[in-house]
>>> print(open('data_26.csv').read())   # CSV, N, CA and C atoms
chain,number,residue,atom,x,y,z
A,1,GLN,N,113.8,105.3,92.0
A,1,GLN,CA,112.8,104.2,92.2
A,1,GLN,C,113.2,103.0,91.4
A,2,VAL,N,112.9,101.9,91.9
A,2,VAL,CA,113.1,100.6,91.2
A,2,VAL,C,111.8,99.8,91.2
A,3,GLN,N,111.5,99.3,90.1
A,3,GLN,CA,110.3,98.4,90.0
A,3,GLN,C,110.7,97.0,89.8
A,4,LEU,N,110.1,96.1,90.4
A,4,LEU,CA,110.4,94.7,90.3
A,4,LEU,C,109.1,93.9,90.0
A,5,VAL,N,109.3,93.0,89.0
A,5,VAL,CA,108.1,92.1,88.7
A,5,VAL,C,108.6,90.7,88.7
A,6,GLU,N,108.0,89.9,89.5
A,6,GLU,CA,108.3,88.5,89.6
A,6,GLU,C,107.4,87.7,88.7
A,7,SER,N,107.9,86.5,88.4
A,7,SER,CA,107.1,85.5,87.6
A,7,SER,C,107.7,84.1,87.9
A,8,GLY,N,106.9,83.1,87.6
A,8,GLY,CA,107.4,81.8,87.6
A,8,GLY,C,106.9,80.9,88.7
A,9,GLY,N,106.1,81.4,89.6
A,9,GLY,CA,105.5,80.6,90.7
A,9,GLY,C,104.5,79.6,90.2
A,10,GLY,N,104.0,78.8,91.1
A,10,GLY,CA,103.0,77.8,90.7
A,10,GLY,C,102.9,76.7,91.7
A,11,LEU,N,102.2,75.6,91.2
A,11,LEU,CA,102.0,74.4,92.0
A,11,LEU,C,102.9,73.3,91.4
A,12,VAL,N,103.6,72.7,92.3
A,12,VAL,CA,104.5,71.6,91.9
A,12,VAL,C,104.5,70.5,92.9
A,13,GLN,N,104.8,69.3,92.5
A,13,GLN,CA,104.9,68.2,93.5
A,13,GLN,C,106.2,68.2,94.1
A,14,ALA,N,106.3,67.6,95.3
A,14,ALA,CA,107.5,67.5,96.0
A,14,ALA,C,108.5,66.8,95.2
A,15,GLY,N,109.8,67.3,95.2
A,15,GLY,CA,110.8,66.8,94.3
A,15,GLY,C,111.0,67.5,93.0
A,16,GLY,N,110.0,68.3,92.7
A,16,GLY,CA,110.0,69.0,91.4
A,16,GLY,C,110.8,70.2,91.4
A,17,SER,N,110.7,71.0,90.3
A,17,SER,CA,111.5,72.2,90.2
A,17,SER,C,110.7,73.3,89.7
A,18,LEU,N,111.1,74.5,90.0
A,18,LEU,CA,110.5,75.8,89.5
A,18,LEU,C,111.6,76.8,89.3
A,19,ARG,N,111.4,77.7,88.4
A,19,ARG,CA,112.4,78.8,88.2
A,19,ARG,C,111.6,80.1,88.3
A,20,LEU,N,112.0,80.9,89.3
A,20,LEU,CA,111.4,82.2,89.5
A,20,LEU,C,112.3,83.3,88.8
A,21,SER,N,111.6,84.3,88.2
A,21,SER,CA,112.3,85.4,87.6
A,21,SER,C,111.9,86.7,88.2
A,22,CYS,N,112.8,87.6,88.2
A,22,CYS,CA,112.5,89.0,88.7
A,22,CYS,C,113.1,90.0,87.8
A,23,ALA,N,112.3,90.7,87.1
A,23,ALA,CA,112.8,91.7,86.2
A,23,ALA,C,112.8,93.1,86.8
A,24,ALA,N,113.9,93.8,86.8
A,24,ALA,CA,114.0,95.1,87.4
A,24,ALA,C,114.0,96.2,86.3
A,25,SER,N,113.4,97.3,86.7
A,25,SER,CA,113.4,98.5,85.8
A,25,SER,C,113.4,99.7,86.7
A,26,GLY,N,113.7,100.9,86.0
A,26,GLY,CA,113.8,102.1,86.8
A,26,GLY,C,115.3,102.4,87.0
A,27,SER,N,115.6,102.8,88.2
A,27,SER,CA,117.0,103.2,88.6
A,27,SER,C,117.8,102.0,88.8
A,28,ILE,N,118.0,101.2,87.8
A,28,ILE,CA,118.7,99.9,88.0
A,28,ILE,C,120.2,100.0,88.3
A,29,ARG,N,120.8,101.1,87.9
A,29,ARG,CA,122.2,101.3,88.1
A,29,ARG,C,122.5,101.5,89.6
A,30,SER,N,121.5,101.9,90.3
A,30,SER,CA,121.7,102.1,91.8
A,30,SER,C,121.6,100.8,92.6
A,31,ILE,N,121.2,99.7,91.9
A,31,ILE,CA,121.0,98.4,92.7
A,31,ILE,C,122.4,97.8,93.0
A,32,ASN,N,122.6,97.4,94.2
A,32,ASN,CA,123.8,96.7,94.7
A,32,ASN,C,123.5,95.2,94.9
A,33,VAL,N,122.5,94.9,95.5
A,33,VAL,CA,122.2,93.5,95.9
A,33,VAL,C,120.7,93.3,95.5
A,34,MET,N,120.5,92.1,94.9
A,34,MET,CA,119.1,91.6,94.7
A,34,MET,C,119.0,90.3,95.4
A,35,GLY,N,117.8,90.0,95.7
A,35,GLY,CA,117.6,88.7,96.4
A,35,GLY,C,116.1,88.3,96.4
A,36,TRP,N,115.9,87.1,97.0
A,36,TRP,CA,114.6,86.5,97.2
A,36,TRP,C,114.4,86.3,98.6
A,37,TYR,N,113.2,86.6,99.0
A,37,TYR,CA,112.7,86.3,100.4
A,37,TYR,C,111.4,85.6,100.3
A,38,ARG,N,111.0,84.9,101.3
A,38,ARG,CA,109.7,84.2,101.3
A,38,ARG,C,109.0,84.4,102.6
A,39,ARG,N,107.7,84.5,102.4
A,39,ARG,CA,106.8,84.6,103.6
A,39,ARG,C,106.0,83.3,103.7
A,40,THR,N,106.2,82.6,104.8
A,40,THR,CA,105.7,81.3,105.0
A,40,THR,C,104.2,81.4,105.4
A,41,PRO,N,103.5,80.2,105.4
A,41,PRO,CA,102.1,80.3,105.8
A,41,PRO,C,101.9,80.8,107.3
A,42,GLY,N,103.0,80.6,108.1
A,42,GLY,CA,103.0,81.1,109.4
A,42,GLY,C,103.3,82.6,109.5
A,43,ASN,N,103.4,83.2,108.3
A,43,ASN,CA,103.6,84.7,108.1
A,43,ASN,C,105.0,85.2,108.6
A,44,GLN,N,105.9,84.3,108.6
A,44,GLN,CA,107.3,84.7,108.9
A,44,GLN,C,108.0,85.0,107.6
A,45,ARG,N,108.7,86.1,107.5
A,45,ARG,CA,109.5,86.4,106.3
A,45,ARG,C,110.9,86.0,106.5
A,46,GLU,N,111.5,85.3,105.6
A,46,GLU,CA,112.9,84.8,105.7
A,46,GLU,C,113.6,85.0,104.4
A,47,LEU,N,114.9,85.2,104.6
A,47,LEU,CA,115.8,85.3,103.4
A,47,LEU,C,115.9,84.0,102.8
A,48,VAL,N,115.9,84.0,101.4
A,48,VAL,CA,116.1,82.7,100.7
A,48,VAL,C,117.5,82.8,100.1
A,49,ALA,N,117.8,83.8,99.3
A,49,ALA,CA,119.1,83.9,98.6
A,49,ALA,C,119.3,85.3,98.2
A,50,THR,N,120.6,85.8,98.1
A,50,THR,CA,120.9,87.1,97.6
A,50,THR,C,122.1,87.0,96.7
A,51,ILE,N,122.2,88.0,95.8
A,51,ILE,CA,123.3,88.0,94.9
A,51,ILE,C,123.7,89.5,94.7
A,52,SER,N,125.0,89.7,94.8
A,52,SER,CA,125.5,91.1,94.7
A,52,SER,C,125.9,91.4,93.3
A,53,LYS,N,126.2,92.7,93.1
A,53,LYS,CA,126.7,93.2,91.7
A,53,LYS,C,127.8,92.4,91.2
A,54,SER,N,128.7,92.0,92.2
A,54,SER,CA,129.9,91.2,91.8
A,54,SER,C,129.6,89.7,91.8
A,55,GLU,N,128.3,89.4,92.0
A,55,GLU,CA,127.8,88.0,91.9
A,55,GLU,C,128.2,87.1,93.1
A,56,ASN,N,128.5,87.8,94.2
A,56,ASN,CA,128.6,87.0,95.5
A,56,ASN,C,127.3,86.6,95.9
A,57,THR,N,127.1,85.3,96.3
A,57,THR,CA,125.8,84.8,96.6
A,57,THR,C,125.8,84.4,98.1
A,58,ARG,N,124.6,84.3,98.6
A,58,ARG,CA,124.3,84.0,100.0
A,58,ARG,C,123.0,83.2,100.0
A,59,TYR,N,123.0,82.1,100.8
A,59,TYR,CA,121.8,81.3,100.8
A,59,TYR,C,121.4,81.0,102.2
A,60,ALA,N,120.1,80.8,102.4
A,60,ALA,CA,119.6,80.3,103.7
A,60,ALA,C,120.0,78.8,103.8
A,61,ASP,N,120.3,78.4,105.0
A,61,ASP,CA,120.8,77.0,105.2
A,61,ASP,C,119.8,76.0,104.7
A,62,SER,N,118.5,76.3,104.8
A,62,SER,CA,117.4,75.4,104.4
A,62,SER,C,117.4,75.2,102.9
A,63,VAL,N,118.0,76.0,102.1
A,63,VAL,CA,117.9,75.9,100.6
A,63,VAL,C,119.2,75.6,100.0
A,64,LYS,N,120.3,75.6,100.7
A,64,LYS,CA,121.6,75.3,100.2
A,64,LYS,C,121.7,74.0,99.5
A,65,GLY,N,122.3,74.0,98.3
A,65,GLY,CA,122.4,72.7,97.6
A,65,GLY,C,121.1,72.4,96.7
A,66,ARG,N,120.0,73.1,97.0
A,66,ARG,CA,118.8,72.9,96.2
A,66,ARG,C,118.4,74.1,95.3
A,67,PHE,N,118.7,75.3,95.8
A,67,PHE,CA,118.3,76.5,95.1
A,67,PHE,C,119.6,77.2,94.6
A,68,THR,N,119.4,77.9,93.4
A,68,THR,CA,120.6,78.6,92.9
A,68,THR,C,120.0,80.0,92.4
A,69,ILE,N,120.7,81.0,92.9
A,69,ILE,CA,120.3,82.4,92.4
A,69,ILE,C,121.4,82.8,91.4
A,70,SER,N,120.9,83.5,90.4
A,70,SER,CA,121.8,84.0,89.3
A,70,SER,C,121.2,85.3,88.8
A,71,ARG,N,122.0,86.0,88.1
A,71,ARG,CA,121.5,87.3,87.5
A,71,ARG,C,122.0,87.5,86.1
A,72,ASN,N,121.2,88.1,85.3
A,72,ASN,CA,121.5,88.4,83.9
A,72,ASN,C,121.5,90.0,83.9
A,73,SER,N,122.7,90.5,84.0
A,73,SER,CA,122.8,92.0,84.1
A,73,SER,C,122.3,92.7,82.9
A,74,ALA,N,122.5,92.1,81.7
A,74,ALA,CA,122.1,92.7,80.5
A,74,ALA,C,120.6,92.8,80.4
A,75,GLN,N,119.9,91.9,81.0
A,75,GLN,CA,118.4,91.9,81.0
A,75,GLN,C,117.9,92.4,82.3
A,76,ASN,N,118.7,92.8,83.2
A,76,ASN,CA,118.3,93.3,84.5
A,76,ASN,C,117.3,92.3,85.2
A,77,THR,N,117.7,91.1,85.2
A,77,THR,CA,116.8,90.0,85.7
A,77,THR,C,117.6,89.1,86.6
A,78,VAL,N,116.9,88.7,87.7
A,78,VAL,CA,117.5,87.8,88.6
A,78,VAL,C,116.6,86.5,88.6
A,79,TYR,N,117.3,85.4,88.7
A,79,TYR,CA,116.5,84.1,88.7
A,79,TYR,C,116.8,83.4,90.0
A,80,LEU,N,115.8,82.5,90.3
A,80,LEU,CA,116.0,81.6,91.4
A,80,LEU,C,115.5,80.2,90.9
A,81,GLN,N,116.5,79.4,90.7
A,81,GLN,CA,116.2,78.0,90.3
A,81,GLN,C,116.0,77.2,91.5
A,82,MET,N,114.9,76.6,91.6
A,82,MET,CA,114.5,75.8,92.8
A,82,MET,C,114.4,74.3,92.4
A,83,ASN,N,115.2,73.5,92.9
A,83,ASN,CA,115.2,72.0,92.7
A,83,ASN,C,114.9,71.3,93.9
A,84,SER,N,114.5,70.1,93.8
A,84,SER,CA,114.2,69.2,94.9
A,84,SER,C,113.3,69.9,95.9
A,85,LEU,N,112.2,70.5,95.4
A,85,LEU,CA,111.3,71.2,96.3
A,85,LEU,C,110.6,70.4,97.3
A,86,LYS,N,110.4,70.9,98.5
A,86,LYS,CA,109.8,70.3,99.6
A,86,LYS,C,108.5,71.0,100.0
A,87,PRO,N,107.5,70.3,100.6
A,87,PRO,CA,106.3,71.0,101.0
A,87,PRO,C,106.6,72.3,101.9
A,88,GLU,N,107.7,72.2,102.7
A,88,GLU,CA,108.0,73.3,103.5
A,88,GLU,C,108.6,74.5,102.8
A,89,ASP,N,108.8,74.4,101.5
A,89,ASP,CA,109.2,75.5,100.6
A,89,ASP,C,107.9,76.3,100.2
A,90,THR,N,106.8,75.8,100.5
A,90,THR,CA,105.6,76.5,100.2
A,90,THR,C,105.5,77.9,100.8
A,91,ALA,N,105.4,79.0,100.0
A,91,ALA,CA,105.4,80.3,100.6
A,91,ALA,C,105.1,81.3,99.4
A,92,GLY,N,104.9,82.5,99.8
A,92,GLY,CA,105.0,83.6,98.8
A,92,GLY,C,106.4,84.1,98.7
A,93,TYR,N,106.9,84.1,97.5
A,93,TYR,CA,108.3,84.5,97.2
A,93,TYR,C,108.3,85.9,96.7
A,94,PHE,N,109.2,86.7,97.3
A,94,PHE,CA,109.3,88.1,97.0
A,94,PHE,C,110.7,88.5,96.5
A,95,CYS,N,110.8,89.2,95.4
A,95,CYS,CA,112.1,89.7,95.0
A,95,CYS,C,112.3,91.1,95.7
A,96,ALA,N,113.6,91.3,96.0
A,96,ALA,CA,114.0,92.6,96.6
A,96,ALA,C,115.2,93.1,96.0
A,97,ALA,N,115.3,94.4,96.0
A,97,ALA,CA,116.5,95.1,95.4
A,97,ALA,C,117.0,96.2,96.4
A,98,ASP,N,118.2,96.1,96.8
A,98,ASP,CA,118.8,97.1,97.6
A,98,ASP,C,119.5,98.2,96.8
A,99,ALA,N,119.1,99.4,96.9
A,99,ALA,CA,119.6,100.5,96.1
A,99,ALA,C,119.9,101.6,97.1
A,100,GLY,N,121.2,101.9,97.3
A,100,GLY,CA,121.5,102.9,98.3
A,100,GLY,C,121.0,102.4,99.7
A,101,GLU,N,120.3,103.2,100.3
A,101,GLU,CA,119.7,102.9,101.7
A,101,GLU,C,118.3,102.4,101.6
A,102,ARG,N,117.8,102.2,100.4
A,102,ARG,CA,116.4,101.8,100.2
A,102,ARG,C,116.3,100.3,99.7
A,103,ARG,N,115.3,99.7,100.1
A,103,ARG,CA,115.0,98.3,99.7
A,103,ARG,C,113.6,98.4,99.0
A,104,PHE,N,113.6,97.9,97.8
A,104,PHE,CA,112.4,97.8,97.0
A,104,PHE,C,111.9,96.4,96.9
A,105,TRP,N,110.6,96.2,96.8
A,105,TRP,CA,110.0,94.9,96.8
A,105,TRP,C,109.1,94.7,95.6
A,106,GLY,N,109.1,93.5,95.1
A,106,GLY,CA,108.1,93.1,94.1
A,106,GLY,C,106.8,92.7,94.7
A,107,GLN,N,105.9,92.4,93.9
A,107,GLN,CA,104.5,92.1,94.4
A,107,GLN,C,104.4,90.6,94.9
A,108,GLY,N,105.4,89.8,94.6
A,108,GLY,CA,105.4,88.4,95.1
A,108,GLY,C,104.8,87.4,94.1
A,109,THR,N,105.2,86.2,94.2
A,109,THR,CA,104.6,85.1,93.5
A,109,THR,C,104.5,83.9,94.4
A,110,GLN,N,103.4,83.2,94.3
A,110,GLN,CA,103.2,82.0,95.2
A,110,GLN,C,103.8,80.8,94.6
A,111,VAL,N,104.4,80.1,95.5
A,111,VAL,CA,105.0,78.7,95.2
A,111,VAL,C,104.3,77.7,96.2
A,112,THR,N,103.7,76.7,95.7
A,112,THR,CA,103.0,75.7,96.5
A,112,THR,C,103.6,74.4,96.1
A,113,VAL,N,104.1,73.6,97.1
A,113,VAL,CA,104.7,72.3,96.9
A,113,VAL,C,103.8,71.3,97.5
A,114,SER,N,103.2,70.4,96.8
A,114,SER,CA,102.3,69.4,97.3
A,114,SER,C,103.1,68.1,97.7
A,115,SER,N,102.7,67.4,98.7
A,115,SER,CA,103.4,66.2,99.1
A,115,SER,C,102.9,65.0,98.4
>>> encode(input="data_26.csv", output="structure tokens")
Amino acid sequence: QVQLVESGGGLVQAGGSLRLSCAASGSIRSINVMGWYRRTPGNQRELVATISKSENTRYADSVKGRFTISRNSAQNTVYLQMNSLKPEDTAGYFCAADAGERRFWGQGTQVTVSS
């Protein structure tokens, strides 16, 4: 089992920045990939960014150049630095960890970007 706890969401004006954190605990050695997903007000879930154990990263086209995912393996934490935020980035952001054939989810944190 892997437990994930997100933090760092909030309300920000367009053009602003936020940093999300996701702290993992439990069977962390089994984690291969961690990432961030978001669920939009239209209730669609989409991938935002992922990072592998070897720190290969992947981003949605909509966030490339604005968001940066990173991980601190010593602290079992993954970060999502979000810059130049847009109103369309408003969503619930969820941390996910792939361990073996299972995917674990955090409880989510809300990001609201005002225009």
>>> closest_residue(input="data_26.csv", among="A:Ser25, A:Ser17, A:Gln3, A:Ser114", to="Met82 of chain A", atoms="all atoms listed in the file")
A:Ser17
>>> closest_residue(input="data_26.csv", among="A:Cys22, A:Ala99, A:Val63, A:Ala49", to="Val2 of chain A", atoms="only C-alpha atoms")
A:Ala99
>>> select_by_dssp(input="data_26.csv", residues="segment 1-105 of chain A", states="strand (DSSP E or B)", output="MDAnalysis selection string")
chainID A and resid 2:7 10:13 18:26 31:39 45:52 57:59 67:72 77:82 91:99 102:105
>>> closest_residue(input="data_26.csv", among="A:Gly9, A:Gly92, A:Gly106, A:Pro87", to="Gly35 of chain A", atoms="only C-alpha atoms")
A:Gly106
>>> residues_around(input="data_26.csv", residues="Ser62 of chain A", least_positions_apart="4", cutoff="8 Å", atoms="only N, CA and C atoms", output="VMD selection string")
chain A and resid 48 66 to 67
>>> closest_atom_pairs(input="data_26.csv", of="segment 7-93 of chain A", to="segment 100-104 of chain A", cutoff="6 Å", atoms="all atoms listed in the file", output="tab-separated table")
residue	atom	partner	partner_atom	distance
A:Ser30	C	A:Gly100	N	4.8
A:Ile31	CA	A:Gly100	N	5.8
A:Asn32	N	A:Gly100	N	5.6
>>> atom_distance(input="data_26.csv", atom1="atom CA of Leu11 of chain A", atom2="atom CA of Leu47 of chain A")
21.0 Å
>>> closest_residue(input="data_26.csv", among="A:Leu20, A:Thr40, A:Gln1, A:Trp105", to="Thr68 of chain A", atoms="only C-alpha atoms")
A:Leu20
>>> atom_distance(input="data_26.csv", atom1="atom N of Asn76 of chain A", atom2="atom C of Ala96 of chain A")
13.3 Å
>>> closest_residue(input="data_26.csv", among="A:Asp98, A:Arg71, A:Val78, A:Thr50", to="Trp36 of chain A", atoms="only N, CA and C atoms")
A:Thr50
>>> atom_distance(input="data_26.csv", atom1="atom C of Ala24 of chain A", atom2="atom C of Ser52 of chain A")
14.6 Å
>>> build_atoms(input="data_26.csv", residues="segment 36-47 of chain A", atoms="all heavy atoms", output="PDB file, keeping the file's coordinate frame")
ATOM      1  N   TRP A  36     115.900  87.100  97.000  1.00  0.00           N
ATOM      2  CA  TRP A  36     114.600  86.500  97.200  1.00  0.00           C
ATOM      3  C   TRP A  36     114.400  86.300  98.600  1.00  0.00           C
ATOM      4  O   TRP A  36     115.244  85.771  99.354  1.00  0.00           O
ATOM      5  CB  TRP A  36     114.539  85.183  96.386  1.00  0.00           C
ATOM      6  CG  TRP A  36     114.544  85.355  94.906  1.00  0.00           C
ATOM      7  CD1 TRP A  36     115.624  85.335  94.067  1.00  0.00           C
ATOM      8  CD2 TRP A  36     113.391  85.597  94.074  1.00  0.00           C
ATOM      9  NE1 TRP A  36     115.225  85.539  92.770  1.00  0.00           N
ATOM     10  CE2 TRP A  36     113.863  85.708  92.746  1.00  0.00           C
ATOM     11  CE3 TRP A  36     112.034  85.725  94.316  1.00  0.00           C
ATOM     12  CZ2 TRP A  36     113.007  85.937  91.675  1.00  0.00           C
ATOM     13  CZ3 TRP A  36     111.188  85.952  93.253  1.00  0.00           C
ATOM     14  CH2 TRP A  36     111.661  86.057  91.949  1.00  0.00           C
ATOM     15  N   TYR A  37     113.200  86.600  99.000  1.00  0.00           N
ATOM     16  CA  TYR A  37     112.700  86.300 100.400  1.00  0.00           C
ATOM     17  C   TYR A  37     111.400  85.600 100.300  1.00  0.00           C
ATOM     18  O   TYR A  37     110.744  85.608  99.204  1.00  0.00           O
ATOM     19  CB  TYR A  37     112.478  87.636 101.154  1.00  0.00           C
ATOM     20  CG  TYR A  37     113.746  88.392 101.423  1.00  0.00           C
ATOM     21  CD1 TYR A  37     114.388  89.109 100.408  1.00  0.00           C
ATOM     22  CD2 TYR A  37     114.330  88.392 102.693  1.00  0.00           C
ATOM     23  CE1 TYR A  37     115.570  89.785 100.654  1.00  0.00           C
ATOM     24  CE2 TYR A  37     115.509  89.079 102.947  1.00  0.00           C
ATOM     25  CZ  TYR A  37     116.112  89.770 101.916  1.00  0.00           C
ATOM     26  OH  TYR A  37     117.285  90.447 102.155  1.00  0.00           O
ATOM     27  N   ARG A  38     111.000  84.900 101.300  1.00  0.00           N
ATOM     28  CA  ARG A  38     109.700  84.200 101.300  1.00  0.00           C
ATOM     29  C   ARG A  38     109.000  84.400 102.600  1.00  0.00           C
ATOM     30  O   ARG A  38     109.552  84.577 103.653  1.00  0.00           O
ATOM     31  CB  ARG A  38     109.876  82.738 100.985  1.00  0.00           C
ATOM     32  CG  ARG A  38     110.637  81.937 102.014  1.00  0.00           C
ATOM     33  CD  ARG A  38     110.882  80.522 101.484  1.00  0.00           C
ATOM     34  NE  ARG A  38     111.599  79.691 102.452  1.00  0.00           N
ATOM     35  CZ  ARG A  38     112.070  78.479 102.190  1.00  0.00           C
ATOM     36  NH1 ARG A  38     111.906  77.937 100.975  1.00  0.00           N
ATOM     37  NH2 ARG A  38     112.696  77.797 103.125  1.00  0.00           N
ATOM     38  N   ARG A  39     107.700  84.500 102.400  1.00  0.00           N
ATOM     39  CA  ARG A  39     106.800  84.600 103.600  1.00  0.00           C
ATOM     40  C   ARG A  39     106.000  83.300 103.700  1.00  0.00           C
ATOM     41  O   ARG A  39     105.247  82.905 102.820  1.00  0.00           O
ATOM     42  CB  ARG A  39     105.824  85.757 103.466  1.00  0.00           C
ATOM     43  CG  ARG A  39     105.041  86.043 104.728  1.00  0.00           C
ATOM     44  CD  ARG A  39     104.182  87.290 104.579  1.00  0.00           C
ATOM     45  NE  ARG A  39     104.969  88.504 104.477  1.00  0.00           N
ATOM     46  CZ  ARG A  39     105.490  89.157 105.515  1.00  0.00           C
ATOM     47  NH1 ARG A  39     105.320  88.694 106.730  1.00  0.00           N
ATOM     48  NH2 ARG A  39     106.166  90.274 105.329  1.00  0.00           N
ATOM     49  N   THR A  40     106.200  82.600 104.800  1.00  0.00           N
ATOM     50  CA  THR A  40     105.700  81.300 105.000  1.00  0.00           C
ATOM     51  C   THR A  40     104.200  81.400 105.400  1.00  0.00           C
ATOM     52  O   THR A  40     103.705  82.449 105.771  1.00  0.00           O
ATOM     53  CB  THR A  40     106.415  80.523 106.102  1.00  0.00           C
ATOM     54  OG1 THR A  40     106.200  81.214 107.348  1.00  0.00           O
ATOM     55  CG2 THR A  40     107.905  80.501 105.796  1.00  0.00           C
ATOM     56  N   PRO A  41     103.500  80.200 105.400  1.00  0.00           N
ATOM     57  CA  PRO A  41     102.100  80.300 105.800  1.00  0.00           C
ATOM     58  C   PRO A  41     101.900  80.800 107.300  1.00  0.00           C
ATOM     59  O   PRO A  41     100.899  81.267 107.649  1.00  0.00           O
ATOM     60  CB  PRO A  41     101.636  78.791 105.673  1.00  0.00           C
ATOM     61  CG  PRO A  41     102.474  78.284 104.552  1.00  0.00           C
ATOM     62  CD  PRO A  41     103.815  78.965 104.723  1.00  0.00           C
ATOM     63  N   GLY A  42     103.000  80.600 108.100  1.00  0.00           N
ATOM     64  CA  GLY A  42     103.000  81.100 109.400  1.00  0.00           C
ATOM     65  C   GLY A  42     103.300  82.600 109.500  1.00  0.00           C
ATOM     66  O   GLY A  42     103.424  83.174 110.555  1.00  0.00           O
ATOM     67  N   ASN A  43     103.400  83.200 108.300  1.00  0.00           N
ATOM     68  CA  ASN A  43     103.600  84.700 108.100  1.00  0.00           C
ATOM     69  C   ASN A  43     105.000  85.200 108.600  1.00  0.00           C
ATOM     70  O   ASN A  43     105.113  86.337 108.906  1.00  0.00           O
ATOM     71  CB  ASN A  43     102.488  85.441 108.888  1.00  0.00           C
ATOM     72  CG  ASN A  43     102.180  86.757 108.195  1.00  0.00           C
ATOM     73  OD1 ASN A  43     102.226  86.840 106.969  1.00  0.00           O
ATOM     74  ND2 ASN A  43     101.884  87.791 108.964  1.00  0.00           N
ATOM     75  N   GLN A  44     105.900  84.300 108.600  1.00  0.00           N
ATOM     76  CA  GLN A  44     107.300  84.700 108.900  1.00  0.00           C
ATOM     77  C   GLN A  44     108.000  85.000 107.600  1.00  0.00           C
ATOM     78  O   GLN A  44     107.913  84.162 106.642  1.00  0.00           O
ATOM     79  CB  GLN A  44     108.029  83.644 109.684  1.00  0.00           C
ATOM     80  CG  GLN A  44     107.554  83.511 111.111  1.00  0.00           C
ATOM     81  CD  GLN A  44     108.422  82.559 111.888  1.00  0.00           C
ATOM     82  OE1 GLN A  44     108.858  81.537 111.371  1.00  0.00           O
ATOM     83  NE2 GLN A  44     108.688  82.882 113.143  1.00  0.00           N
ATOM     84  N   ARG A  45     108.700  86.100 107.500  1.00  0.00           N
ATOM     85  CA  ARG A  45     109.500  86.400 106.300  1.00  0.00           C
ATOM     86  C   ARG A  45     110.900  86.000 106.500  1.00  0.00           C
ATOM     87  O   ARG A  45     111.520  86.304 107.564  1.00  0.00           O
ATOM     88  CB  ARG A  45     109.428  87.882 105.952  1.00  0.00           C
ATOM     89  CG  ARG A  45     110.070  88.203 104.603  1.00  0.00           C
ATOM     90  CD  ARG A  45     109.793  89.631 104.191  1.00  0.00           C
ATOM     91  NE  ARG A  45     110.434  90.595 105.062  1.00  0.00           N
ATOM     92  CZ  ARG A  45     110.201  91.899 105.013  1.00  0.00           C
ATOM     93  NH1 ARG A  45     109.316  92.381 104.157  1.00  0.00           N
ATOM     94  NH2 ARG A  45     110.831  92.706 105.823  1.00  0.00           N
ATOM     95  N   GLU A  46     111.500  85.300 105.600  1.00  0.00           N
ATOM     96  CA  GLU A  46     112.900  84.800 105.700  1.00  0.00           C
ATOM     97  C   GLU A  46     113.600  85.000 104.400  1.00  0.00           C
ATOM     98  O   GLU A  46     113.054  84.917 103.325  1.00  0.00           O
ATOM     99  CB  GLU A  46     112.890  83.351 106.151  1.00  0.00           C
ATOM    100  CG  GLU A  46     112.194  82.395 105.212  1.00  0.00           C
ATOM    101  CD  GLU A  46     112.144  80.974 105.771  1.00  0.00           C
ATOM    102  OE1 GLU A  46     112.148  80.807 106.996  1.00  0.00           O
ATOM    103  OE2 GLU A  46     112.106  80.033 104.953  1.00  0.00           O
ATOM    104  N   LEU A  47     114.900  85.200 104.600  1.00  0.00           N
ATOM    105  CA  LEU A  47     115.800  85.300 103.400  1.00  0.00           C
ATOM    106  C   LEU A  47     115.900  84.000 102.800  1.00  0.00           C
ATOM    107  O   LEU A  47     116.097  82.960 103.463  1.00  0.00           O
ATOM    108  CB  LEU A  47     117.143  85.867 103.857  1.00  0.00           C
ATOM    109  CG  LEU A  47     118.211  86.018 102.773  1.00  0.00           C
ATOM    110  CD1 LEU A  47     119.071  87.238 103.079  1.00  0.00           C
ATOM    111  CD2 LEU A  47     119.093  84.784 102.678  1.00  0.00           C
TER     112      LEU A  47
END
